[in-house]
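final00.cif, holding mmCIF, N, CA and C atoms:
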data_my_file
loop_
_atom_site.label_atom_id
_atom_site.label_comp_id
_atom_site.auth_asym_id
_atom_site.auth_seq_id
_atom_site.Cartn_x
_atom_site.Cartn_y
_atom_site.Cartn_z
N MET M 1 -22.72 -14.38 -17.68
CA MET M 1 -21.90 -14.24 -16.49
C MET M 1 -22.83 -14.14 -15.29
N ASN M 2 -22.51 -14.90 -14.22
CA ASN M 2 -23.41 -14.89 -13.07
C ASN M 2 -23.29 -13.59 -12.26
N LYS M 3 -24.27 -13.38 -11.39
CA LYS M 3 -24.36 -12.13 -10.62
C LYS M 3 -23.16 -11.94 -9.70
N GLU M 4 -22.68 -13.03 -9.08
CA GLU M 4 -21.52 -12.92 -8.20
C GLU M 4 -20.31 -12.37 -8.96
N PHE M 5 -20.07 -12.86 -10.16
CA PHE M 5 -18.96 -12.38 -10.97
C PHE M 5 -19.16 -10.92 -11.35
N GLN M 6 -20.37 -10.57 -11.74
CA GLN M 6 -20.67 -9.18 -12.12
C GLN M 6 -20.45 -8.24 -10.94
N ASP M 7 -20.93 -8.63 -9.75
CA ASP M 7 -20.75 -7.80 -8.56
C ASP M 7 -19.28 -7.63 -8.22
N TYR M 8 -18.52 -8.71 -8.34
CA TYR M 8 -17.09 -8.65 -8.06
C TYR M 8 -16.39 -7.69 -9.03
N LEU M 9 -16.71 -7.78 -10.30
CA LEU M 9 -16.06 -6.92 -11.29
C LEU M 9 -16.32 -5.44 -11.03
N LYS M 10 -17.46 -5.12 -10.44
CA LYS M 10 -17.73 -3.73 -10.05
C LYS M 10 -16.76 -3.29 -8.95
N ILE M 11 -16.44 -4.21 -8.03
CA ILE M 11 -15.53 -3.90 -6.92
C ILE M 11 -14.15 -3.51 -7.45
N VAL M 12 -13.69 -4.23 -8.48
CA VAL M 12 -12.36 -3.93 -9.04
C VAL M 12 -12.44 -2.91 -10.17
N ASP M 13 -13.59 -2.25 -10.28
CA ASP M 13 -13.78 -1.15 -11.22
C ASP M 13 -13.64 -1.56 -12.68
N VAL M 14 -14.16 -2.76 -12.99
CA VAL M 14 -14.24 -3.19 -14.39
C VAL M 14 -15.65 -2.85 -14.84
N SER M 15 -15.76 -1.75 -15.58
CA SER M 15 -17.09 -1.30 -15.96
C SER M 15 -17.23 -1.06 -17.46
N SER M 16 -16.13 -0.98 -18.18
CA SER M 16 -16.26 -0.72 -19.61
C SER M 16 -16.92 -1.92 -20.28
N GLU M 17 -17.83 -1.64 -21.16
CA GLU M 17 -18.56 -2.70 -21.87
C GLU M 17 -17.59 -3.60 -22.65
N THR M 18 -16.57 -3.00 -23.23
CA THR M 18 -15.59 -3.77 -23.99
C THR M 18 -14.86 -4.77 -23.10
N LEU M 19 -14.43 -4.32 -21.93
CA LEU M 19 -13.70 -5.19 -21.01
C LEU M 19 -14.62 -6.26 -20.41
N LEU M 20 -15.84 -5.91 -20.09
CA LEU M 20 -16.79 -6.91 -19.58
C LEU M 20 -17.06 -7.99 -20.63
N LYS M 21 -17.20 -7.57 -21.88
CA LYS M 21 -17.41 -8.53 -22.97
C LYS M 21 -16.19 -9.44 -23.12
N ARG M 22 -15.01 -8.87 -23.01
CA ARG M 22 -13.77 -9.65 -23.13
C ARG M 22 -13.69 -10.70 -22.01
N ILE M 23 -14.01 -10.31 -20.79
CA ILE M 23 -13.99 -11.25 -19.67
C ILE M 23 -15.02 -12.35 -19.87
N GLU M 24 -16.18 -11.99 -20.38
CA GLU M 24 -17.21 -13.00 -20.69
C GLU M 24 -16.68 -13.99 -21.73
N GLU M 25 -16.02 -13.51 -22.76
CA GLU M 25 -15.43 -14.39 -23.78
C GLU M 25 -14.41 -15.34 -23.16
N LEU M 26 -13.56 -14.80 -22.28
CA LEU M 26 -12.54 -15.62 -21.63
C LEU M 26 -13.15 -16.62 -20.66
N LEU M 27 -14.22 -16.24 -20.01
CA LEU M 27 -14.92 -17.16 -19.11
C LEU M 27 -15.47 -18.35 -19.89
N ILE M 28 -16.06 -18.10 -21.04
CA ILE M 28 -16.57 -19.17 -21.90
C ILE M 28 -15.42 -20.04 -22.39
N PHE M 29 -14.34 -19.40 -22.83
CA PHE M 29 -13.17 -20.14 -23.31
C PHE M 29 -12.58 -21.02 -22.20
N ALA M 30 -12.39 -20.45 -21.01
CA ALA M 30 -11.82 -21.21 -19.89
C ALA M 30 -12.75 -22.33 -19.45
N SER M 31 -14.06 -22.11 -19.53
CA SER M 31 -15.02 -23.16 -19.16
C SER M 31 -14.87 -24.38 -20.05
N LYS M 32 -14.51 -24.16 -21.30
CA LYS M 32 -14.31 -25.27 -22.23
C LYS M 32 -13.07 -26.08 -21.87
N MET M 33 -12.13 -25.46 -21.16
CA MET M 33 -10.92 -26.16 -20.74
C MET M 33 -11.15 -27.00 -19.49
N CYS M 34 -12.22 -26.71 -18.76
CA CYS M 34 -12.47 -27.38 -17.49
C CYS M 34 -12.86 -28.84 -17.66
N VAL M 35 -12.58 -29.59 -16.62
CA VAL M 35 -12.99 -30.98 -16.55
C VAL M 35 -14.51 -31.02 -16.36
N GLU M 36 -15.15 -32.00 -16.95
CA GLU M 36 -16.60 -32.14 -16.79
C GLU M 36 -16.97 -32.17 -15.31
N ASN M 37 -18.03 -31.52 -14.96
CA ASN M 37 -18.55 -31.42 -13.59
C ASN M 37 -17.60 -30.70 -12.63
N ASP M 38 -16.76 -29.83 -13.15
CA ASP M 38 -15.88 -28.99 -12.32
C ASP M 38 -15.95 -27.56 -12.85
N PRO M 39 -17.07 -26.88 -12.60
CA PRO M 39 -17.27 -25.55 -13.18
C PRO M 39 -16.40 -24.49 -12.51
N ILE M 40 -16.25 -23.39 -13.20
CA ILE M 40 -15.53 -22.24 -12.64
C ILE M 40 -16.39 -21.65 -11.52
N LYS M 41 -15.76 -21.54 -10.34
CA LYS M 41 -16.49 -21.04 -9.16
C LYS M 41 -16.13 -19.62 -8.80
N LYS M 42 -14.91 -19.21 -9.13
CA LYS M 42 -14.47 -17.85 -8.82
C LYS M 42 -13.67 -17.31 -9.99
N LEU M 43 -13.77 -16.00 -10.16
CA LEU M 43 -12.82 -15.33 -11.04
C LEU M 43 -12.17 -14.25 -10.20
N PHE M 44 -10.96 -13.90 -10.58
CA PHE M 44 -10.19 -12.92 -9.84
C PHE M 44 -9.35 -12.10 -10.81
N VAL M 45 -9.31 -10.81 -10.61
CA VAL M 45 -8.49 -9.92 -11.43
C VAL M 45 -7.37 -9.37 -10.55
N CYS M 46 -6.12 -9.64 -10.94
CA CYS M 46 -4.99 -9.04 -10.24
C CYS M 46 -4.99 -7.55 -10.57
N ASN M 47 -4.92 -6.74 -9.53
CA ASN M 47 -4.91 -5.30 -9.75
C ASN M 47 -3.87 -4.63 -8.88
N LYS M 48 -3.48 -3.45 -9.28
CA LYS M 48 -2.54 -2.63 -8.52
C LYS M 48 -3.01 -1.19 -8.65
N ILE M 49 -3.26 -0.56 -7.51
CA ILE M 49 -3.65 0.85 -7.53
C ILE M 49 -2.36 1.66 -7.51
N LEU M 50 -2.14 2.39 -8.58
CA LEU M 50 -0.92 3.17 -8.75
C LEU M 50 -0.98 4.47 -7.93
N PRO M 51 0.16 5.11 -7.67
CA PRO M 51 0.18 6.34 -6.87
C PRO M 51 -0.75 7.44 -7.39
N ASP M 52 -0.99 7.48 -8.70
CA ASP M 52 -1.89 8.50 -9.25
C ASP M 52 -3.37 8.10 -9.15
N GLY M 53 -3.65 6.91 -8.52
CA GLY M 53 -5.02 6.45 -8.34
C GLY M 53 -5.53 5.55 -9.45
N THR M 54 -4.74 5.38 -10.50
CA THR M 54 -5.13 4.50 -11.61
C THR M 54 -5.18 3.06 -11.13
N ASN M 55 -6.22 2.34 -11.51
CA ASN M 55 -6.36 0.93 -11.16
C ASN M 55 -5.82 0.09 -12.32
N GLN M 56 -4.59 -0.40 -12.18
CA GLN M 56 -3.95 -1.20 -13.23
C GLN M 56 -4.42 -2.64 -13.11
N LEU M 57 -5.02 -3.16 -14.18
CA LEU M 57 -5.49 -4.55 -14.21
C LEU M 57 -4.46 -5.42 -14.89
N ASN M 58 -4.12 -6.54 -14.27
CA ASN M 58 -3.08 -7.41 -14.80
C ASN M 58 -3.69 -8.74 -15.25
N SER M 59 -3.40 -9.81 -14.56
CA SER M 59 -3.90 -11.13 -14.96
C SER M 59 -5.34 -11.36 -14.52
N LEU M 60 -6.00 -12.25 -15.24
CA LEU M 60 -7.34 -12.72 -14.89
C LEU M 60 -7.21 -14.18 -14.49
N TRP M 61 -7.81 -14.54 -13.37
CA TRP M 61 -7.74 -15.91 -12.84
C TRP M 61 -9.13 -16.52 -12.77
N PHE M 62 -9.19 -17.82 -13.02
CA PHE M 62 -10.41 -18.61 -12.83
C PHE M 62 -10.06 -19.76 -11.89
N LEU M 63 -10.96 -20.06 -10.96
CA LEU M 63 -10.74 -21.16 -10.03
C LEU M 63 -11.92 -22.12 -10.07
N THR M 64 -11.59 -23.40 -10.11
CA THR M 64 -12.58 -24.46 -9.94
C THR M 64 -12.19 -25.20 -8.67
N ASP M 65 -12.87 -26.27 -8.34
CA ASP M 65 -12.48 -27.06 -7.18
C ASP M 65 -11.16 -27.78 -7.41
N LEU M 66 -10.80 -28.01 -8.67
CA LEU M 66 -9.61 -28.80 -8.99
C LEU M 66 -8.48 -28.01 -9.62
N PHE M 67 -8.80 -26.94 -10.34
CA PHE M 67 -7.80 -26.24 -11.15
C PHE M 67 -7.82 -24.74 -10.91
N VAL M 68 -6.67 -24.14 -11.20
CA VAL M 68 -6.54 -22.69 -11.24
C VAL M 68 -6.03 -22.36 -12.65
N MET M 69 -6.58 -21.30 -13.23
CA MET M 69 -6.19 -20.87 -14.57
C MET M 69 -5.86 -19.39 -14.54
N GLU M 70 -4.74 -19.04 -15.14
CA GLU M 70 -4.35 -17.64 -15.26
C GLU M 70 -4.35 -17.25 -16.72
N VAL M 71 -4.98 -16.12 -17.02
CA VAL M 71 -4.94 -15.55 -18.37
C VAL M 71 -4.08 -14.30 -18.27
N ARG M 72 -2.86 -14.42 -18.75
CA ARG M 72 -1.93 -13.28 -18.74
C ARG M 72 -2.35 -12.30 -19.83
N ASN M 73 -2.12 -11.02 -19.56
CA ASN M 73 -2.44 -9.99 -20.55
C ASN M 73 -3.85 -10.20 -21.11
N PHE M 74 -4.79 -10.45 -20.19
CA PHE M 74 -6.13 -10.89 -20.57
C PHE M 74 -6.90 -9.90 -21.45
N GLN M 75 -6.48 -8.67 -21.46
CA GLN M 75 -7.20 -7.69 -22.28
C GLN M 75 -6.91 -7.86 -23.77
N LYS M 76 -5.82 -8.61 -24.08
CA LYS M 76 -5.42 -8.73 -25.48
C LYS M 76 -5.15 -10.14 -25.96
N SER M 77 -4.97 -11.11 -25.06
CA SER M 77 -4.54 -12.43 -25.51
C SER M 77 -5.35 -13.57 -24.89
N TYR M 78 -5.09 -14.76 -25.41
CA TYR M 78 -5.64 -16.00 -24.87
C TYR M 78 -4.49 -16.84 -24.33
N ASP M 79 -3.59 -16.25 -23.58
CA ASP M 79 -2.43 -16.93 -23.02
C ASP M 79 -2.85 -17.51 -21.67
N VAL M 80 -3.26 -18.80 -21.65
CA VAL M 80 -3.84 -19.42 -20.47
C VAL M 80 -2.91 -20.49 -19.90
N ASP M 81 -2.59 -20.36 -18.62
CA ASP M 81 -1.91 -21.41 -17.87
C ASP M 81 -2.95 -22.09 -17.01
N MET M 82 -2.88 -23.42 -16.92
CA MET M 82 -3.85 -24.18 -16.12
C MET M 82 -3.07 -25.19 -15.30
N ALA M 83 -3.37 -25.27 -13.99
CA ALA M 83 -2.68 -26.22 -13.12
C ALA M 83 -3.65 -26.76 -12.08
N GLY M 84 -3.48 -28.03 -11.77
CA GLY M 84 -4.24 -28.62 -10.67
C GLY M 84 -3.66 -28.15 -9.35
N TYR M 85 -4.53 -27.90 -8.38
CA TYR M 85 -4.03 -27.48 -7.08
C TYR M 85 -4.66 -28.26 -5.93
N GLN M 86 -5.62 -29.13 -6.22
CA GLN M 86 -6.30 -29.86 -5.15
C GLN M 86 -5.28 -30.70 -4.37
N GLY M 87 -5.10 -30.36 -3.11
CA GLY M 87 -4.17 -31.08 -2.26
C GLY M 87 -2.72 -30.96 -2.66
N SER M 88 -2.38 -29.93 -3.44
CA SER M 88 -1.00 -29.84 -3.92
C SER M 88 -0.36 -28.46 -3.75
N VAL M 89 -0.85 -27.66 -2.81
CA VAL M 89 -0.20 -26.38 -2.54
C VAL M 89 0.92 -26.68 -1.54
N GLY M 90 2.13 -26.78 -2.06
CA GLY M 90 3.28 -27.13 -1.24
C GLY M 90 3.90 -25.95 -0.53
N TYR M 91 3.60 -24.75 -1.01
CA TYR M 91 4.19 -23.54 -0.44
C TYR M 91 3.23 -22.38 -0.68
N CYS M 92 3.07 -21.56 0.34
CA CYS M 92 2.25 -20.35 0.20
C CYS M 92 2.93 -19.22 0.96
N ARG M 93 3.16 -18.13 0.27
CA ARG M 93 3.73 -16.94 0.91
C ARG M 93 2.72 -15.81 0.78
N LEU M 94 2.33 -15.25 1.92
CA LEU M 94 1.38 -14.15 1.95
C LEU M 94 2.15 -12.89 2.34
N ILE M 95 2.05 -11.87 1.50
CA ILE M 95 2.71 -10.60 1.77
C ILE M 95 1.63 -9.51 1.77
N THR M 96 1.56 -8.74 2.85
CA THR M 96 0.55 -7.68 2.93
C THR M 96 1.08 -6.54 3.79
N ASN M 97 0.42 -5.41 3.68
CA ASN M 97 0.74 -4.26 4.52
C ASN M 97 -0.40 -3.97 5.50
N SER M 98 -1.31 -4.95 5.69
CA SER M 98 -2.47 -4.76 6.54
C SER M 98 -2.74 -6.02 7.38
N SER M 99 -3.18 -5.81 8.60
CA SER M 99 -3.56 -6.96 9.44
C SER M 99 -5.05 -7.24 9.36
N ASP M 100 -5.82 -6.38 8.70
CA ASP M 100 -7.26 -6.57 8.57
C ASP M 100 -7.63 -6.71 7.09
N LEU M 101 -7.52 -7.93 6.59
CA LEU M 101 -7.79 -8.17 5.16
C LEU M 101 -9.27 -8.29 4.85
N GLU M 102 -10.10 -8.40 5.85
CA GLU M 102 -11.55 -8.47 5.61
C GLU M 102 -12.15 -7.08 5.44
N ASN M 103 -11.45 -6.06 5.94
CA ASN M 103 -11.91 -4.67 5.82
C ASN M 103 -10.74 -3.80 5.34
N PRO M 104 -10.27 -4.03 4.13
CA PRO M 104 -9.07 -3.32 3.67
C PRO M 104 -9.34 -1.85 3.36
N THR M 105 -8.30 -1.06 3.53
CA THR M 105 -8.34 0.33 3.11
C THR M 105 -7.92 0.38 1.64
N LYS M 106 -8.03 1.54 1.02
CA LYS M 106 -7.61 1.62 -0.38
C LYS M 106 -6.10 1.55 -0.53
N GLU M 107 -5.35 1.70 0.57
CA GLU M 107 -3.89 1.57 0.54
C GLU M 107 -3.44 0.12 0.71
N CYS M 108 -4.36 -0.76 1.05
CA CYS M 108 -4.02 -2.17 1.32
C CYS M 108 -3.49 -2.86 0.07
N GLU M 109 -2.49 -3.72 0.27
CA GLU M 109 -1.97 -4.57 -0.80
C GLU M 109 -1.81 -5.98 -0.25
N LEU M 110 -2.11 -6.97 -1.08
CA LEU M 110 -1.98 -8.37 -0.69
C LEU M 110 -1.45 -9.16 -1.88
N SER M 111 -0.44 -9.98 -1.61
CA SER M 111 0.13 -10.84 -2.63
C SER M 111 0.20 -12.26 -2.08
N LEU M 112 -0.26 -13.22 -2.87
CA LEU M 112 -0.14 -14.64 -2.53
C LEU M 112 0.78 -15.28 -3.55
N ARG M 113 1.84 -15.89 -3.07
CA ARG M 113 2.75 -16.63 -3.95
C ARG M 113 2.63 -18.10 -3.59
N LEU M 114 2.33 -18.91 -4.59
CA LEU M 114 2.08 -20.33 -4.38
C LEU M 114 3.02 -21.18 -5.21
N VAL M 115 3.37 -22.33 -4.67
CA VAL M 115 4.04 -23.36 -5.45
C VAL M 115 3.14 -24.58 -5.38
N LEU M 116 2.70 -25.02 -6.55
CA LEU M 116 1.81 -26.16 -6.67
C LEU M 116 2.61 -27.40 -7.04
N GLY M 117 1.92 -28.50 -7.20
CA GLY M 117 2.58 -29.73 -7.63
C GLY M 117 3.38 -29.52 -8.89
N PHE M 118 4.43 -30.29 -9.07
CA PHE M 118 5.34 -30.23 -10.21
C PHE M 118 6.07 -28.89 -10.30
N GLY M 119 6.08 -28.12 -9.19
CA GLY M 119 6.83 -26.87 -9.14
C GLY M 119 6.19 -25.68 -9.81
N THR M 120 4.93 -25.80 -10.21
CA THR M 120 4.23 -24.68 -10.83
C THR M 120 4.10 -23.54 -9.83
N GLN M 121 4.46 -22.33 -10.25
CA GLN M 121 4.39 -21.16 -9.39
C GLN M 121 3.30 -20.21 -9.85
N CYS M 122 2.59 -19.65 -8.89
CA CYS M 122 1.51 -18.71 -9.16
C CYS M 122 1.65 -17.51 -8.23
N THR M 123 1.33 -16.34 -8.73
CA THR M 123 1.28 -15.15 -7.89
C THR M 123 -0.01 -14.42 -8.18
N LEU M 124 -0.80 -14.21 -7.13
CA LEU M 124 -2.04 -13.44 -7.22
C LEU M 124 -1.86 -12.19 -6.39
N GLU M 125 -2.14 -11.02 -6.97
CA GLU M 125 -1.92 -9.76 -6.29
C GLU M 125 -3.16 -8.89 -6.33
N SER M 126 -3.33 -8.12 -5.23
CA SER M 126 -4.50 -7.25 -5.15
C SER M 126 -4.17 -5.97 -4.42
N SER M 127 -4.99 -4.96 -4.68
CA SER M 127 -4.90 -3.67 -4.00
C SER M 127 -6.30 -3.22 -3.61
N GLY M 128 -6.35 -2.42 -2.55
CA GLY M 128 -7.62 -1.84 -2.13
C GLY M 128 -8.65 -2.88 -1.74
N GLU M 129 -9.89 -2.63 -2.10
CA GLU M 129 -11.01 -3.50 -1.72
C GLU M 129 -10.86 -4.92 -2.28
N ASN M 130 -10.10 -5.06 -3.34
CA ASN M 130 -9.88 -6.38 -3.94
C ASN M 130 -9.13 -7.32 -2.98
N CYS M 131 -8.43 -6.77 -1.99
CA CYS M 131 -7.71 -7.59 -1.02
C CYS M 131 -8.65 -8.51 -0.25
N SER M 132 -9.83 -8.01 0.10
CA SER M 132 -10.77 -8.87 0.85
C SER M 132 -11.24 -10.03 -0.02
N TYR M 133 -11.36 -9.82 -1.30
CA TYR M 133 -11.78 -10.90 -2.20
C TYR M 133 -10.67 -11.94 -2.35
N LEU M 134 -9.42 -11.50 -2.47
CA LEU M 134 -8.30 -12.43 -2.55
C LEU M 134 -8.16 -13.20 -1.23
N TRP M 135 -8.39 -12.54 -0.11
CA TRP M 135 -8.35 -13.19 1.19
C TRP M 135 -9.41 -14.31 1.27
N LYS M 136 -10.60 -14.05 0.74
CA LYS M 136 -11.65 -15.08 0.70
C LYS M 136 -11.21 -16.26 -0.17
N ILE M 137 -10.59 -15.98 -1.30
CA ILE M 137 -10.08 -17.04 -2.17
C ILE M 137 -9.04 -17.87 -1.43
N TYR M 138 -8.16 -17.20 -0.70
CA TYR M 138 -7.16 -17.92 0.09
C TYR M 138 -7.85 -18.88 1.06
N LYS M 139 -8.82 -18.37 1.82
CA LYS M 139 -9.47 -19.20 2.85
C LYS M 139 -10.28 -20.35 2.25
N GLU M 140 -10.94 -20.10 1.12
CA GLU M 140 -11.83 -21.10 0.53
C GLU M 140 -11.12 -22.10 -0.36
N PHE M 141 -10.12 -21.66 -1.13
CA PHE M 141 -9.51 -22.52 -2.14
C PHE M 141 -8.05 -22.91 -1.83
N ILE M 142 -7.28 -21.99 -1.31
CA ILE M 142 -5.85 -22.25 -1.13
C ILE M 142 -5.57 -22.96 0.20
N LYS M 143 -5.97 -22.37 1.29
CA LYS M 143 -5.68 -22.91 2.63
C LYS M 143 -6.06 -24.38 2.78
N PRO M 144 -7.26 -24.81 2.33
CA PRO M 144 -7.61 -26.22 2.49
C PRO M 144 -6.74 -27.19 1.67
N ASN M 145 -5.97 -26.66 0.73
CA ASN M 145 -5.15 -27.52 -0.15
C ASN M 145 -3.66 -27.45 0.14
N ILE M 146 -3.29 -26.78 1.25
CA ILE M 146 -1.88 -26.74 1.63
C ILE M 146 -1.50 -28.09 2.23
N VAL M 147 -0.41 -28.66 1.70
CA VAL M 147 0.04 -29.98 2.18
C VAL M 147 1.35 -29.84 2.96
#

Now that the file is in, can you turn its structure into structure tokens?
Amino acid sequence: MNKEFQDYLKIVDVSSETLLKRIEELLIFASKMCVENDPIKKLFVCNKILPDGTNQLNSLWFLTDLFVMEVRNFQKSYDVDMAGYQGSVGYCRLITNSSDLENPTKECELSLRLVLGFGTQCTLESSGENCSYLWKIYKEFIKPNIV
């Protein structure tokens, strides 16, 4: 796993050796699904900070220049959805409680709801510091592909 991915996982408080190993396994598995010469460039963990401060981890996402992949229930399964999104984001809904997504507070929440080609729907959600990472993904991968 590259340093950028490792640093990101620290931000979302993924530190258990078991969980890091699981994400590494899924990264290798998802890489095998990728088209040749289209490597995974970003990974993203949907998280929700609960009222008691617990960081609930939900889906794991991988992004390439051409595809987005979601691994639902990533801590236990290999349930992977894969969809092309290059030039095919027909709808994007951004829901947040903050106007400063580059410097989020721990109370910040951000949700991106997308409709891709063929009606495929995706929802990426974040809380706390993870909001700035999702905002970067929006600017780098989603926004340029809105049609």

Which is closest to Glu107 of chain M among M:Glu129, M:Trp61, M:Thr120, M:Lys32, if we use all atoms listed in the file?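 Among M:Glu129, M:Trp61, M:Thr120, M:Lys32, it is M:Glu129 that comes nearest to Glu107 of chain M.
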
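Relative to atom N of Ile137 of chain M, atom N of Ser111 of chain M is found at 11.8 Å.
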
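For the set M:Pro144, M:Gly128, M:Gly117, M:Pro39, the residue with the smallest atom-to-atom gap to Gly84 of chain M is M:Gly117, counting all atoms listed in the file.
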
Radius query 8 Å about (-10.8, -25.0, -14.2), atoms used: all atoms listed in the file, as a ChimeraX atom specification: /M:30-31,33-35,38-41,62-69,82-83

Keeping only N, CA and C atoms, take the residues you just selected and write them out as a PDB file, keeping the file's coordinate frame.
ATOM      1  N   ALA M  30     -12.390 -20.450 -21.010  1.00  0.00           N
ATOM      2  CA  ALA M  30     -11.820 -21.210 -19.890  1.00  0.00           C
ATOM      3  C   ALA M  30     -12.750 -22.330 -19.450  1.00  0.00           C
ATOM      4  N   SER M  31     -14.060 -22.110 -19.530  1.00  0.00           N
ATOM      5  CA  SER M  31     -15.020 -23.160 -19.160  1.00  0.00           C
ATOM      6  C   SER M  31     -14.870 -24.380 -20.050  1.00  0.00           C
ATOM      7  N   MET M  33     -12.130 -25.460 -21.160  1.00  0.00           N
ATOM      8  CA  MET M  33     -10.920 -26.160 -20.740  1.00  0.00           C
ATOM      9  C   MET M  33     -11.150 -27.000 -19.490  1.00  0.00           C
ATOM     10  N   CYS M  34     -12.220 -26.710 -18.760  1.00  0.00           N
ATOM     11  CA  CYS M  34     -12.470 -27.380 -17.490  1.00  0.00           C
ATOM     12  C   CYS M  34     -12.860 -28.840 -17.660  1.00  0.00           C
ATOM     13  N   VAL M  35     -12.580 -29.590 -16.620  1.00  0.00           N
ATOM     14  CA  VAL M  35     -12.990 -30.980 -16.550  1.00  0.00           C
ATOM     15  C   VAL M  35     -14.510 -31.020 -16.360  1.00  0.00           C
ATOM     16  N   ASP M  38     -16.760 -29.830 -13.150  1.00  0.00           N
ATOM     17  CA  ASP M  38     -15.880 -28.990 -12.320  1.00  0.00           C
ATOM     18  C   ASP M  38     -15.950 -27.560 -12.850  1.00  0.00           C
ATOM     19  N   PRO M  39     -17.070 -26.880 -12.600  1.00  0.00           N
ATOM     20  CA  PRO M  39     -17.270 -25.550 -13.180  1.00  0.00           C
ATOM     21  C   PRO M  39     -16.400 -24.490 -12.510  1.00  0.00           C
ATOM     22  N   ILE M  40     -16.250 -23.390 -13.200  1.00  0.00           N
ATOM     23  CA  ILE M  40     -15.530 -22.240 -12.640  1.00  0.00           C
ATOM     24  C   ILE M  40     -16.390 -21.650 -11.520  1.00  0.00           C
ATOM     25  N   LYS M  41     -15.760 -21.540 -10.340  1.00  0.00           N
ATOM     26  CA  LYS M  41     -16.490 -21.040  -9.160  1.00  0.00           C
ATOM     27  C   LYS M  41     -16.130 -19.620  -8.800  1.00  0.00           C
ATOM     28  N   PHE M  62      -9.190 -17.820 -13.020  1.00  0.00           N
ATOM     29  CA  PHE M  62     -10.410 -18.610 -12.830  1.00  0.00           C
ATOM     30  C   PHE M  62     -10.060 -19.760 -11.890  1.00  0.00           C
ATOM     31  N   LEU M  63     -10.960 -20.060 -10.960  1.00  0.00           N
ATOM     32  CA  LEU M  63     -10.740 -21.160 -10.030  1.00  0.00           C
ATOM     33  C   LEU M  63     -11.920 -22.120 -10.070  1.00  0.00           C
ATOM     34  N   THR M  64     -11.590 -23.400 -10.110  1.00  0.00           N
ATOM     35  CA  THR M  64     -12.580 -24.460  -9.940  1.00  0.00           C
ATOM     36  C   THR M  64     -12.190 -25.200  -8.670  1.00  0.00           C
ATOM     37  N   ASP M  65     -12.870 -26.270  -8.340  1.00  0.00           N
ATOM     38  CA  ASP M  65     -12.480 -27.060  -7.180  1.00  0.00           C
ATOM     39  C   ASP M  65     -11.160 -27.780  -7.410  1.00  0.00           C
ATOM     40  N   LEU M  66     -10.800 -28.010  -8.670  1.00  0.00           N
ATOM     41  CA  LEU M  66      -9.610 -28.800  -8.990  1.00  0.00           C
ATOM     42  C   LEU M  66      -8.480 -28.010  -9.620  1.00  0.00           C
ATOM     43  N   PHE M  67      -8.800 -26.940 -10.340  1.00  0.00           N
ATOM     44  CA  PHE M  67      -7.800 -26.240 -11.150  1.00  0.00           C
ATOM     45  C   PHE M  67      -7.820 -24.740 -10.910  1.00  0.00           C
ATOM     46  N   VAL M  68      -6.670 -24.140 -11.200  1.00  0.00           N
ATOM     47  CA  VAL M  68      -6.540 -22.690 -11.240  1.00  0.00           C
ATOM     48  C   VAL M  68      -6.030 -22.360 -12.650  1.00  0.00           C
ATOM     49  N   MET M  69      -6.580 -21.300 -13.230  1.00  0.00           N
ATOM     50  CA  MET M  69      -6.190 -20.870 -14.570  1.00  0.00           C
ATOM     51  C   MET M  69      -5.860 -19.390 -14.540  1.00  0.00           C
ATOM     52  N   MET M  82      -2.880 -23.420 -16.920  1.00  0.00           N
ATOM     53  CA  MET M  82      -3.850 -24.180 -16.120  1.00  0.00           C
ATOM     54  C   MET M  82      -3.070 -25.190 -15.300  1.00  0.00           C
ATOM     55  N   ALA M  83      -3.370 -25.270 -13.990  1.00  0.00           N
ATOM     56  CA  ALA M  83      -2.680 -26.220 -13.120  1.00  0.00           C
ATOM     57  C   ALA M  83      -3.650 -26.760 -12.080  1.00  0.00           C
TER      58      ALA M  83
END

What's around Asn58 of chain M at 12 Å? Count only C-alpha atoms, leave out sequence neighbours fewer than 6 positions away in its own chain, and write the answer as a ChimeraX atom specification. /M:12,14,44-49,70-77,123-127
